[in-house]
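Undergrad: Could you have a look at this structure, given as structure tokens, before my questions?
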Amino acid sequence: MAPTSLRSAPSPPPQDHHDLRRRLVDAVIADDRVIGLLDYGSTSEGRDDRWSDVDSSLFIRPPDYEAFAAEWASWQRQLGTVLLHYKPNDICWWSVFDGAGFPIRLDVNLYPADGEHLGLLHTWPNAPLSVDAMLLVDKEGLLRPHVEAIVGQSLVPPDLRAIMEAFIPNFWYYVVRTWCRLQRGPSMTSRYEIHFMLLGSLAGLLRMEAGRMERWRSADAIAGIEDDISPERLAAYRACVPGLDDGDLDIALGRIVRLAAEVNANVSVGYAVDWPAELAQRMIAVTPGPGGT
């Protein structure tokens, strides 16, 4: 569904995401079709700040689900003035509300309150601080046992070795692909691959080396990297970000390859996983060294 701009609702703008969440709670309590409301985002995990959004899941009585989902765009207008509303996938509705100081985001998932969807709560990659931090409304007590099961759970992948065995070769494959693209000449495509594919994956390798994978299942590897690796590693990582000149792309790739090889060697020893060391040395040989040559 294409994004639409909706400008209606007499409600005063919410002060912040906490205010918007309170309005959502009140609206859910008043609607008999909704039996439960969960906060699955940063607020329930104690990581929110004034820029955070409202991440919520509503559980709808199964007979009412289709009708409720169909009218969600209009239902949410009771919360405030909607500046943007669209549906990125089958269960998500993303909106932006006019806030008192700045626009506030609301990300909502709608589920039928049946055994299948309630049971899947055990698989959610969320680690709320407490039941009450996540469980905002539970009219019939159906959600509480499922939320209790995930309070404070580890978000480290249960099989780290399997994650690394898939992640590491994928990184080195994209190193070669990006190098090949650069041989055709600098382009926005190669710049994109360095920023998105390589720097993103390099952050993952740095997390593995530092043993900071506690939120791997729920967040991008780059999230919070400034606080999760050593100052020395962070400085080396920052140096891998290319500048605006086309010539910076080759230099950045050379730095990425060398830092990744050092980090990957440590990860291989620490976790006893194989890595393509010979390929790394070949890529070191064909990319610029520390001096950019």
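For the structure tokens, the naming scheme is as follows: chains receive sequential letters (A, B, ...) according to their order of presentation, residues are indexed from 1 within each chain, and ligands are indexed from 1 in presentation order.
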If you run DSSP on this backbone, which residues of region 86-230 of chain A come out as helix (DSSP H, G or I), and could you give them as a compact mmCIF listing (two decimals) with C-alpha atoms, in the first residue's frame?
TA:
# COMPACT_ATOMS: atom_id res chain seq x y z
CA GLY A 115 -3.70 -20.00 20.21
CA GLU A 116 -1.31 -19.88 17.28
CA HIS A 117 -0.39 -16.21 17.59
CA LEU A 118 -0.32 -16.23 21.39
CA GLY A 119 1.97 -19.26 21.33
CA LEU A 120 4.40 -17.54 19.00
CA LEU A 121 5.09 -14.94 21.70
CA HIS A 122 7.66 -17.37 23.11
CA THR A 123 9.73 -16.92 19.96
CA VAL A 131 5.90 -8.36 32.73
CA ASP A 132 4.36 -4.96 33.45
CA ALA A 133 6.91 -3.18 31.25
CA MET A 134 5.67 -5.12 28.24
CA ARG A 144 0.56 -12.83 30.83
CA PRO A 145 1.90 -16.42 30.83
CA HIS A 146 3.50 -15.88 27.43
CA VAL A 147 5.11 -12.58 28.43
CA GLU A 148 6.40 -14.10 31.67
CA LEU A 160 26.57 -19.05 17.80
CA ARG A 161 28.70 -21.38 15.76
CA ALA A 162 25.98 -21.80 13.13
CA ILE A 163 25.54 -18.03 12.93
CA MET A 164 29.26 -17.50 12.39
CA GLU A 165 29.57 -20.30 9.85
CA ALA A 166 26.98 -18.51 7.71
CA PHE A 167 28.00 -14.93 8.47
CA ILE A 168 31.76 -15.09 7.92
CA PRO A 169 31.86 -16.56 4.39
CA ASN A 170 29.10 -14.19 3.34
CA PHE A 171 31.21 -11.22 4.42
CA TRP A 172 34.27 -12.36 2.45
CA TYR A 173 32.17 -13.12 -0.63
CA TYR A 174 30.96 -9.50 -0.62
CA VAL A 175 34.53 -8.28 -0.17
CA VAL A 176 35.44 -9.92 -3.47
CA ARG A 177 32.26 -8.70 -5.17
CA THR A 178 32.83 -5.13 -4.05
CA TRP A 179 36.46 -5.22 -5.18
CA CYS A 180 35.35 -6.45 -8.61
CA ARG A 181 32.85 -3.62 -8.89
CA LEU A 182 35.54 -1.10 -8.02
CA GLN A 183 37.74 -2.43 -10.82
CA MET A 188 27.42 4.72 -6.36
CA THR A 189 26.90 0.96 -6.51
CA SER A 190 30.33 0.20 -5.07
CA ARG A 191 29.90 2.97 -2.49
CA TYR A 192 26.60 1.42 -1.45
CA GLU A 193 28.18 -2.02 -1.09
CA ILE A 194 30.97 -0.65 1.10
CA HIS A 195 28.58 1.24 3.37
CA PHE A 196 25.76 -1.26 3.55
CA MET A 197 27.18 -4.74 2.92
CA LEU A 198 30.74 -4.46 4.20
CA LEU A 199 30.64 -1.92 7.02
CA GLY A 200 27.45 -3.47 8.35
CA SER A 201 28.95 -6.95 8.32
CA LEU A 202 32.26 -5.72 9.72
CA ALA A 203 30.32 -4.41 12.71
CA GLY A 204 29.07 -7.96 13.18
CA LEU A 205 32.60 -9.35 13.16
CA LEU A 206 33.65 -6.72 15.70
CA ARG A 207 30.77 -7.77 17.94
CA MET A 208 31.84 -11.39 17.70
CA GLU A 209 35.40 -10.50 18.64
CA ALA A 210 34.26 -8.38 21.61
CA ILE A 225 28.63 -0.27 18.40
CA GLU A 226 30.26 2.87 19.85
CA ASP A 227 29.76 1.50 23.37
CA ASP A 228 30.31 -2.19 22.70
Undergrad: Within 6 Å of region 19-27 of chain A, counting only C-alpha atoms, which residues show up once you throw out same-chain ones fewer than 4 positions away? Write them as a list of chain:residue names, please.
TA: A:Pro14, A:Gln15, A:Leu79
Undergrad: Skip Trp51 (chain A) itself and residues of its chain fewer than 5 positions away, then list as an MDAnalysis selection string all residues within 10 Å of it, counting only C-alpha atoms.
TA: chainID A and resid 16:17 102:105
Undergrad: Can you write out the residues you just picked, keeping C-alpha atoms, as a short mmCIF file (atom, residue, chain, number, x, y, z; two decimals), in the first residue's frame?
TA:
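Listing of result-v4.cif after writing:
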data_model
loop_
_atom_site.label_atom_id
_atom_site.label_comp_id
_atom_site.auth_asym_id
_atom_site.auth_seq_id
_atom_site.Cartn_x
_atom_site.Cartn_y
_atom_site.Cartn_z
CA ASP A 16 6.15 12.53 23.57
CA HIS A 17 6.05 8.81 22.88
CA PHE A 102 8.41 16.87 16.67
CA PRO A 103 6.70 14.00 14.79
CA ILE A 104 6.31 10.76 16.78
CA ARG A 105 6.34 7.30 15.24
#
Undergrad: Contacts of region 66-69 of chain A at 9 Å or less, counting only C-alpha atoms, minus same-chain residues fewer than 2 places along, as a list in words?
TA: Arg33, Val34, Ile60, Pro62, Pro63, Asp64, Glu71, Trp72, Ala73, Trp75, Ile91, Leu110 and Pro112 of chain A
Undergrad: Find the residue from A:Lys87, A:Arg184, A:His18, A:Arg217 that sits nearest to Ser44 (chain A); use only C-alpha atoms when measuring.
TA: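 Using only C-alpha atoms, the shortest distance to Ser44 (chain A) belongs to A:His18.
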Undergrad: Do a neighbour search on Ser11 (chain A) at 9 Å with only C-alpha atoms, toss out local chain neighbours closer than 5 positions, and write the hits as a VMD selection string.
TA: chain A and resid 77 to 81
Undergrad: Could you tell me how far CA of Ser130 (chain A) lies from CA of Ala221 (chain A), in Å and to one decimal?
TA: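 Those two atoms sit 24.8 Å apart.
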Undergrad: What does the distance from CA of Ser230 (chain A) to CA of Gly211 (chain A) come to in Å, to one decimal?
TA: 11.4 Å
Undergrad: One decimal, Å: what's the distance from CA of Tyr86 (chain A) over to CA of Asp107 (chain A), could you say?
TA: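 Answer for the CA of Tyr86 (chain A) to CA of Asp107 (chain A) separation: 10.1 Å.
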Undergrad: Apply DSSP to the backbone of this structure and, from region 6-251 of chain A, keep only the residues in strand (DSSP E or B); write these as number ranges by chain.
TA: A: 34-39, 54-60, 82-86, 92-97, 104-112, 135-138
Undergrad: Show which residues sit within 12 Å of Ala236 (chain A), as a list in words. Count only C-alpha atoms, and ignore same-chain residues fewer than 4 positions away.
TA: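 These residues fall inside the cut-off: Leu199, Leu202, Ala203, Leu206, Glu226, Ile229, Ser230, Pro231, Glu232, Cys240, Val241, Ala252, Arg255, Ile256, Val257, Arg258, Leu259, Ala260, Glu262, Val263 and Pro290 of chain A.
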